[in-house]
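final-v9.cif (mmCIF, C-alpha atoms) appears below.
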```cif
data_coords
#
loop_
_atom_site.group_PDB
_atom_site.id
_atom_site.type_symbol
_atom_site.label_atom_id
_atom_site.label_comp_id
_atom_site.auth_asym_id
_atom_site.auth_seq_id
_atom_site.Cartn_x
_atom_site.Cartn_y
_atom_site.Cartn_z
ATOM 1 C CA MET A 1 33.231 29.633 22.969
ATOM 2 C CA ILE A 2 32.534 26.565 25.144
ATOM 3 C CA ARG A 3 29.066 27.901 26.023
ATOM 4 C CA ILE A 4 28.303 28.522 22.325
ATOM 5 C CA ALA A 5 29.472 25.014 21.432
ATOM 6 C CA TRP A 6 27.257 23.430 24.110
ATOM 7 C CA THR A 7 24.281 25.515 22.968
ATOM 8 C CA ALA A 8 24.805 24.403 19.387
ATOM 9 C CA ALA A 9 25.082 20.763 20.470
ATOM 10 C CA LEU A 10 21.855 20.978 22.455
ATOM 11 C CA LEU A 11 20.074 22.491 19.451
ATOM 12 C CA VAL A 12 21.296 19.644 17.237
ATOM 13 C CA LEU A 13 20.112 17.053 19.765
ATOM 14 C CA ALA A 14 16.713 18.725 20.031
ATOM 15 C CA CYS A 15 16.410 18.752 16.259
ATOM 16 C CA LEU A 16 17.355 15.070 16.017
ATOM 17 C CA SER A 17 14.816 14.166 18.692
ATOM 18 C CA ALA A 18 12.048 16.100 16.965
ATOM 19 C CA CYS A 19 12.920 14.648 13.571
ATOM 20 C CA SER A 20 12.940 11.095 14.879
ATOM 21 C CA SER A 21 9.441 11.498 16.331
ATOM 22 C CA ALA A 22 7.975 13.267 13.312
ATOM 23 C CA PRO A 23 5.786 11.153 11.053
ATOM 24 C CA THR A 24 7.214 10.148 7.704
ATOM 25 C CA ARG A 25 5.330 9.673 4.481
ATOM 26 C CA THR A 26 4.932 6.148 3.155
ATOM 27 C CA PRO A 27 6.176 6.122 -0.455
ATOM 28 C CA GLU A 28 3.246 6.565 -2.795
ATOM 29 C CA ARG A 29 2.269 4.108 -5.481
ATOM 30 C CA GLU A 30 0.441 5.287 -8.562
ATOM 31 C CA TYR A 31 -2.749 3.620 -9.728
ATOM 32 C CA THR A 32 -5.652 4.300 -12.062
ATOM 33 C CA LEU A 33 -9.090 4.906 -10.583
ATOM 34 C CA VAL A 34 -11.964 3.941 -12.873
ATOM 35 C CA PHE A 35 -15.510 5.123 -12.273
ATOM 36 C CA LEU A 36 -18.200 2.850 -13.698
ATOM 37 C CA ARG A 37 -21.150 4.991 -14.766
ATOM 38 C CA SER A 38 -24.500 4.011 -16.233
ATOM 39 C CA GLY A 39 -24.132 3.385 -19.947
ATOM 40 C CA PRO A 40 -26.527 3.648 -22.891
ATOM 41 C CA SER A 41 -27.754 0.055 -22.424
ATOM 42 C CA THR A 42 -28.709 0.494 -18.765
ATOM 43 C CA GLY A 43 -32.312 -0.632 -18.343
ATOM 44 C CA LYS A 44 -32.634 -1.526 -22.028
ATOM 45 C CA LEU A 45 -31.263 -5.068 -22.195
ATOM 46 C CA SER A 46 -33.459 -8.116 -21.822
ATOM 47 C CA GLU A 47 -33.353 -9.834 -18.443
ATOM 48 C CA ALA A 48 -31.307 -12.685 -19.910
ATOM 49 C CA LEU A 49 -28.737 -10.394 -21.560
ATOM 50 C CA ASN A 50 -28.475 -8.220 -18.463
ATOM 51 C CA ARG A 51 -27.882 -11.290 -16.273
ATOM 52 C CA GLN A 52 -25.269 -12.575 -18.702
ATOM 53 C CA ALA A 53 -23.482 -9.206 -18.669
ATOM 54 C CA PHE A 54 -23.281 -9.161 -14.885
ATOM 55 C CA ILE A 55 -22.178 -12.789 -14.600
ATOM 56 C CA GLY A 56 -19.352 -11.872 -16.956
ATOM 57 C CA HIS A 57 -18.687 -8.661 -15.012
ATOM 58 C CA PHE A 58 -18.097 -10.500 -11.726
ATOM 59 C CA ALA A 59 -16.075 -13.284 -13.365
ATOM 60 C CA ASN A 60 -13.862 -10.734 -15.111
ATOM 61 C CA MET A 61 -13.259 -8.843 -11.864
ATOM 62 C CA GLN A 62 -12.229 -12.083 -10.182
ATOM 63 C CA ARG A 63 -9.818 -12.827 -13.037
ATOM 64 C CA LEU A 64 -8.251 -9.357 -12.939
ATOM 65 C CA ALA A 65 -7.872 -9.548 -9.160
ATOM 66 C CA GLY A 66 -6.262 -12.975 -9.426
ATOM 67 C CA GLU A 67 -3.797 -11.527 -11.936
ATOM 68 C CA ARG A 68 -3.056 -8.693 -9.451
ATOM 69 C CA LYS A 69 -4.308 -6.085 -11.907
ATOM 70 C CA LEU A 70 -7.489 -5.061 -10.048
ATOM 71 C CA VAL A 71 -6.622 -4.172 -6.450
ATOM 72 C CA VAL A 72 -9.908 -2.605 -5.303
ATOM 73 C CA ALA A 73 -13.487 -2.796 -6.567
ATOM 74 C CA GLY A 74 -16.912 -2.011 -5.187
ATOM 75 C CA PRO A 75 -20.359 -0.602 -5.968
ATOM 76 C CA PHE A 76 -21.797 2.717 -4.875
ATOM 77 C CA GLY A 77 -24.733 2.703 -2.481
ATOM 78 C CA ALA A 78 -28.017 4.571 -2.396
ATOM 79 C CA THR A 79 -26.641 8.027 -1.526
ATOM 80 C CA ARG A 80 -24.184 9.324 -4.113
ATOM 81 C CA HIS A 81 -23.395 12.725 -5.518
ATOM 82 C CA ALA A 82 -24.155 11.644 -9.107
ATOM 83 C CA THR A 83 -26.993 9.247 -9.858
ATOM 84 C CA ASP A 84 -25.147 7.566 -12.741
ATOM 85 C CA LEU A 85 -22.269 6.369 -10.528
ATOM 86 C CA ARG A 86 -22.438 2.574 -10.279
ATOM 87 C CA GLY A 87 -19.057 1.395 -9.019
ATOM 88 C CA LEU A 88 -15.308 1.851 -9.159
ATOM 89 C CA PHE A 89 -12.108 -0.041 -9.890
ATOM 90 C CA VAL A 90 -8.576 0.712 -8.745
ATOM 91 C CA LEU A 91 -6.130 -0.785 -11.236
ATOM 92 C CA ASP A 92 -2.479 -1.446 -10.432
ATOM 93 C CA THR A 93 -1.039 0.708 -13.193
ATOM 94 C CA ALA A 94 -0.464 4.414 -13.721
ATOM 95 C CA ASN A 95 -0.513 3.970 -17.494
ATOM 96 C CA GLU A 96 -3.962 4.981 -18.775
ATOM 97 C CA ALA A 97 -3.628 2.957 -21.985
ATOM 98 C CA GLN A 98 -2.811 -0.143 -19.947
ATOM 99 C CA ALA A 99 -5.681 0.602 -17.556
ATOM 100 C CA LYS A 100 -8.091 0.886 -20.484
ATOM 101 C CA ALA A 101 -6.876 -2.399 -21.939
ATOM 102 C CA TRP A 102 -7.607 -4.139 -18.629
ATOM 103 C CA ALA A 103 -10.871 -2.389 -17.729
ATOM 104 C CA GLU A 104 -12.435 -2.695 -21.153
ATOM 105 C CA THR A 105 -12.378 -6.487 -20.938
ATOM 106 C CA ASP A 106 -15.422 -6.051 -18.664
ATOM 107 C CA PRO A 107 -18.441 -7.702 -20.356
ATOM 108 C CA ALA A 108 -20.884 -5.218 -18.799
ATOM 109 C CA ALA A 109 -18.883 -2.322 -20.234
ATOM 110 C CA GLN A 110 -18.743 -4.070 -23.600
ATOM 111 C CA ALA A 111 -22.539 -4.476 -23.484
ATOM 112 C CA GLY A 112 -23.001 -0.751 -22.818
ATOM 113 C CA VAL A 113 -24.305 -1.241 -19.278
ATOM 114 C CA PHE A 114 -21.354 0.804 -18.015
ATOM 115 C CA VAL A 115 -19.204 3.580 -19.425
ATOM 116 C CA LEU A 116 -15.729 3.916 -17.924
ATOM 117 C CA GLU A 117 -14.067 7.116 -16.667
ATOM 118 C CA TYR A 118 -10.342 7.179 -15.827
ATOM 119 C CA HIS A 119 -8.448 9.161 -13.177
ATOM 120 C CA ALA A 120 -4.921 9.168 -11.739
ATOM 121 C CA LEU A 121 -4.697 8.007 -8.122
ATOM 122 C CA ALA A 122 -1.650 8.031 -5.824
ATOM 123 C CA THR A 123 -1.520 6.732 -2.260
ATOM 124 C CA GLY A 124 0.783 5.171 0.283
ATOM 125 C CA ALA A 125 -1.989 2.937 1.624
ATOM 126 C CA PRO A 126 -1.178 -0.780 1.161
ATOM 127 C CA LEU A 127 -3.833 -1.641 -1.407
ATOM 128 C CA ARG A 128 -1.845 -4.581 -2.779
ATOM 129 C CA GLU A 129 -1.592 -6.121 0.676
ATOM 130 C CA ALA A 130 -5.361 -5.752 1.197
ATOM 131 C CA LEU A 131 -5.915 -7.547 -2.116
ATOM 132 C CA GLU A 132 -3.648 -10.397 -1.033
ATOM 133 C CA ARG A 133 -5.755 -10.881 2.100
ATOM 134 C CA ASP A 134 -8.864 -11.050 -0.079
ATOM 135 C CA LEU A 135 -7.279 -13.655 -2.333
ATOM 136 C CA LYS A 136 -6.185 -15.730 0.647
ATOM 137 C CA ARG A 137 -9.745 -15.688 1.961
ATOM 138 C CA GLU A 138 -10.940 -17.039 -1.382
ATOM 139 C CA GLU A 139 -8.234 -19.720 -1.333
ATOM 140 C CA ARG A 140 -9.294 -20.861 2.133
ATOM 141 C CA ALA A 141 -12.932 -21.025 1.049
ATOM 142 C CA LEU A 142 -12.029 -23.111 -2.002
ATOM 143 C CA ALA A 143 -9.926 -25.440 0.137
ATOM 144 C CA GLU A 144 -13.001 -25.996 2.305
ATOM 145 C CA GLY A 145 -15.174 -26.655 -0.733
ATOM 146 C CA LEU A 146 -16.998 -23.334 -0.478
ATOM 147 C CA LYS A 147 -17.718 -20.788 -3.211
ATOM 148 C CA LEU A 148 -17.890 -17.212 -2.030
ATOM 149 C CA ALA A 149 -20.759 -15.196 -3.498
ATOM 150 C CA PRO A 150 -20.075 -11.727 -4.934
ATOM 151 C CA GLY A 151 -19.938 -9.288 -2.031
ATOM 152 C CA SER A 152 -18.797 -11.835 0.560
ATOM 153 C CA GLY A 153 -16.594 -10.144 3.132
ATOM 154 C CA ALA A 154 -17.739 -6.661 2.072
ATOM 155 C CA ARG A 155 -18.805 -3.816 4.327
ATOM 156 C CA THR A 156 -20.046 -0.260 3.939
ATOM 157 C CA TYR A 157 -17.855 2.830 3.811
ATOM 158 C CA VAL A 158 -18.232 6.451 2.749
ATOM 159 C CA LEU A 159 -16.040 7.891 0.008
ATOM 160 C CA LEU A 160 -14.921 11.479 0.474
ATOM 161 C CA THR A 161 -13.682 13.521 -2.477
ATOM 162 C CA ALA A 162 -12.319 16.960 -1.529
ATOM 163 C CA GLU A 163 -11.459 19.578 -4.144
ATOM 164 C CA ASP A 164 -8.480 21.070 -2.274
ATOM 165 C CA HIS A 165 -5.912 18.322 -1.728
ATOM 166 C CA LEU A 166 -3.523 20.400 0.403
ATOM 167 C CA ARG A 167 -6.279 21.475 2.762
ATOM 168 C CA ALA A 168 -7.658 17.943 2.985
ATOM 169 C CA GLU A 169 -4.233 16.487 3.695
ATOM 170 C CA ARG A 170 -3.688 18.952 6.544
ATOM 171 C CA GLU A 171 -6.997 17.933 8.095
ATOM 172 C CA LEU A 172 -6.936 14.201 7.421
ATOM 173 C CA TRP A 173 -3.340 13.046 7.798
ATOM 174 C CA GLN A 174 -3.494 12.589 11.599
ATOM 175 C CA MET A 175 -6.777 10.669 11.358
ATOM 176 C CA THR A 176 -5.574 7.874 9.079
ATOM 177 C CA ALA A 177 -6.141 4.400 10.494
ATOM 178 C CA THR A 178 -6.827 5.399 14.101
ATOM 179 C CA GLU A 179 -9.694 7.864 13.776
ATOM 180 C CA GLY A 180 -11.829 6.513 10.992
ATOM 181 C CA VAL A 181 -9.880 7.424 7.844
ATOM 182 C CA TYR A 182 -8.656 4.250 6.156
ATOM 183 C CA LEU A 183 -7.288 5.715 2.947
ATOM 184 C CA LEU A 184 -5.897 9.083 1.913
ATOM 185 C CA ALA A 185 -4.983 9.556 -1.733
ATOM 186 C CA ARG A 186 -4.328 12.221 -4.356
ATOM 187 C CA LEU A 187 -6.866 12.227 -7.167
ATOM 188 C CA ASP A 188 -5.665 13.698 -10.463
ATOM 189 C CA GLY A 189 -2.919 15.480 -8.519
ATOM 190 C CA GLU A 190 -5.216 18.223 -7.187
ATOM 191 C CA ARG A 191 -8.031 16.613 -5.219
ATOM 192 C CA SER A 192 -8.120 14.262 -2.242
ATOM 193 C CA PHE A 193 -9.826 10.892 -2.148
ATOM 194 C CA ALA A 194 -10.450 9.325 1.263
ATOM 195 C CA LEU A 195 -12.223 6.316 2.722
ATOM 196 C CA LEU A 196 -14.229 7.030 5.876
ATOM 197 C CA ASP A 197 -15.412 4.608 8.535
ATOM 198 C CA ALA A 198 -19.174 5.167 8.354
ATOM 199 C CA ALA A 199 -22.197 3.056 7.452
ATOM 200 C CA ASN A 200 -23.646 5.769 5.212
ATOM 201 C CA VAL A 201 -23.400 9.438 4.299
ATOM 202 C CA ALA A 202 -25.757 10.514 7.084
ATOM 203 C CA GLU A 203 -23.545 8.835 9.695
ATOM 204 C CA ALA A 204 -20.398 10.331 8.138
ATOM 205 C CA LYS A 205 -21.877 13.834 8.261
ATOM 206 C CA ASN A 206 -22.653 13.357 11.941
ATOM 207 C CA ARG A 207 -19.372 11.727 12.968
ATOM 208 C CA PHE A 208 -17.071 13.968 10.917
ATOM 209 C CA SER A 209 -19.135 17.168 10.972
ATOM 210 C CA ALA A 210 -16.383 19.466 12.286
ATOM 211 C CA LEU A 211 -13.842 18.019 9.871
ATOM 212 C CA LEU A 212 -16.143 18.341 6.864
ATOM 213 C CA GLU A 213 -16.762 22.010 7.621
ATOM 214 C CA ARG A 214 -13.013 22.665 7.382
ATOM 215 C CA LEU A 215 -12.441 20.821 4.121
ATOM 216 C CA GLY A 216 -14.115 23.210 1.709
ATOM 217 C CA PRO A 217 -15.973 21.835 -1.342
ATOM 218 C CA HIS A 218 -16.351 18.055 -1.210
ATOM 219 C CA THR A 219 -18.682 15.168 -2.018
ATOM 220 C CA LEU A 220 -19.690 12.089 -0.018
ATOM 221 C CA ASP A 221 -20.868 8.746 -1.402
ATOM 222 C CA ASP A 222 -22.087 5.470 0.072
ATOM 223 C CA TRP A 223 -19.819 2.648 -1.063
ATOM 224 C CA PHE A 224 -19.334 -1.092 -0.478
ATOM 225 C CA ALA A 225 -15.994 -2.921 -0.617
ATOM 226 C CA SER A 226 -13.803 -5.494 1.091
ATOM 227 C CA ASP A 227 -13.621 -5.344 4.869
ATOM 228 C CA HIS A 228 -9.861 -5.777 4.513
ATOM 229 C CA LEU A 229 -9.589 -2.120 3.478
ATOM 230 C CA ALA A 230 -10.498 -1.259 7.075
ATOM 231 C CA GLN A 231 -7.419 -3.165 8.257
ATOM 232 C CA MET A 232 -4.947 -1.158 6.188
ATOM 233 C CA GLY A 233 -2.119 0.521 7.999
ATOM 234 C CA ALA A 234 -2.852 3.898 6.435
ATOM 235 C CA GLU A 235 -0.208 6.149 4.982
ATOM 236 C CA SER A 236 1.553 8.675 7.141
ATOM 237 C CA PRO A 237 1.805 11.860 5.079
ATOM 238 C CA LYS A 238 4.450 14.429 5.840
ATOM 239 C CA ASP A 239 3.481 16.796 8.603
ATOM 240 C CA PRO A 240 1.844 19.698 6.705
ATOM 241 C CA ARG A 241 2.553 22.179 9.467
#
```
As structure tokens, how would this structure be written, given the file I've shared?
Amino acid sequence: MIRIAWTAALLVLACLSACSSAPTRTPEREYTLVFLRSGPSTGKLSEALNRQAFIGHFANMQRLAGERKLVVAGPFGATRHATDLRGLFVLDTANEAQAKAWAETDPAAQAGVFVLEYHALATGAPLREALERDLKREERALAEGLKLAPGSGARTYVLLTAEDHLRAERELWQMTATEGVYLLARLDGERSFALLDAANVAEAKNRFSALLERLGPHTLDDWFASDHLAQMGAESPKDPR
């Protein structure tokens, strides 16, 4: 009986040790991802109207960010899986009606330069904290009498969208933050959305070639956004083993 009791105690201790060292998942927050696609007015407005639409576009983004409604924004680069993709927003709401009310204040969307496409996004990555660092950078610049141009403090990334979220999570969860994956999120509950540390799609294919082969169907896109996204302490998903 004593031997059985000691064996049971050792098993409990081993379990506690393993559990304490196992990664835990950061609680997810739910957002709305908005794709900005080319609209019916793309290439059809006069130069003056097009310039006015984009001045309003950038001013509106700054307003929404200042109100903590727009947490991430950035344009797609040259290599993208659909030629009409122009940019994306991540809005700090899971309510699609609320997201539409915020996003559709965009003057470029109102002018028909963009059409907006909405998706559910959930992640444990600290997007709000990254936004706060961006806003503090702007505050410091203003205090020094400087005005930051659109795109200041931005860098290149590659967006990965994988069709099989469970498979992607198994492959990507250990790579968050330390091995070139800055963001891991669920897209519409079934797909994975990740942010890779690469200057362009060609570099991502080379650096992550073995990983990409294991993911199954996926797309890669050049993308530009705040360099503060690369400083995120990425989420730690539950161990999928």
message: Can you spell out as a ChimeraX atom specification the set of residues that the PyMOL selection byres ((chain A and resi 126-129) around 10) selects in the structure I just provided?
response: /A:26,28-29,31,68-72,90,92,123-125,130-135,183,228-229,231-235
query: If you apply the PyMOL selection byres ((chain A and resi 76) around 8) to this file, what residues do you get, as a ChimeraX atom specification?
result: /A:74-75,77-80,85-88,221-224
Keeping C-alpha atoms for every residue in the selection just given, could you write it to a file as a compact mmCIF listing (two decimals), keeping the file's coordinate frame?
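And here is the file that came out, selection.txt:
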```txt
# COMPACT_ATOMS: atom_id res chain seq x y z
CA GLY A 74 -16.91 -2.01 -5.19
CA PRO A 75 -20.36 -0.60 -5.97
CA GLY A 77 -24.73 2.70 -2.48
CA ALA A 78 -28.02 4.57 -2.40
CA THR A 79 -26.64 8.03 -1.53
CA ARG A 80 -24.18 9.32 -4.11
CA LEU A 85 -22.27 6.37 -10.53
CA ARG A 86 -22.44 2.57 -10.28
CA GLY A 87 -19.06 1.40 -9.02
CA LEU A 88 -15.31 1.85 -9.16
CA ASP A 221 -20.87 8.75 -1.40
CA ASP A 222 -22.09 5.47 0.07
CA TRP A 223 -19.82 2.65 -1.06
CA PHE A 224 -19.33 -1.09 -0.48
```
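Here, the PyMOL selection byres ((chain A and resi 202) around 10) matches Thr79, Val158, Ala198, Ala199, Asn200, Val201, Glu203, Ala204, Lys205, Asn206, Arg207, Leu220, Asp221 and Asp222 of chain A.
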statement: Using all atoms listed in the file, the shortest atom-to-atom distance to Ala122 (chain A) among A:Ala154, A:Leu91, A:Leu45, A:Leu196 belongs to A:Leu91
query: Which of these, A:Lys147, A:Arg214, A:Lys44, A:Arg140, has the shortest distance to Leu172 (chain A) once you count all atoms listed in the file?
result: A:Arg214
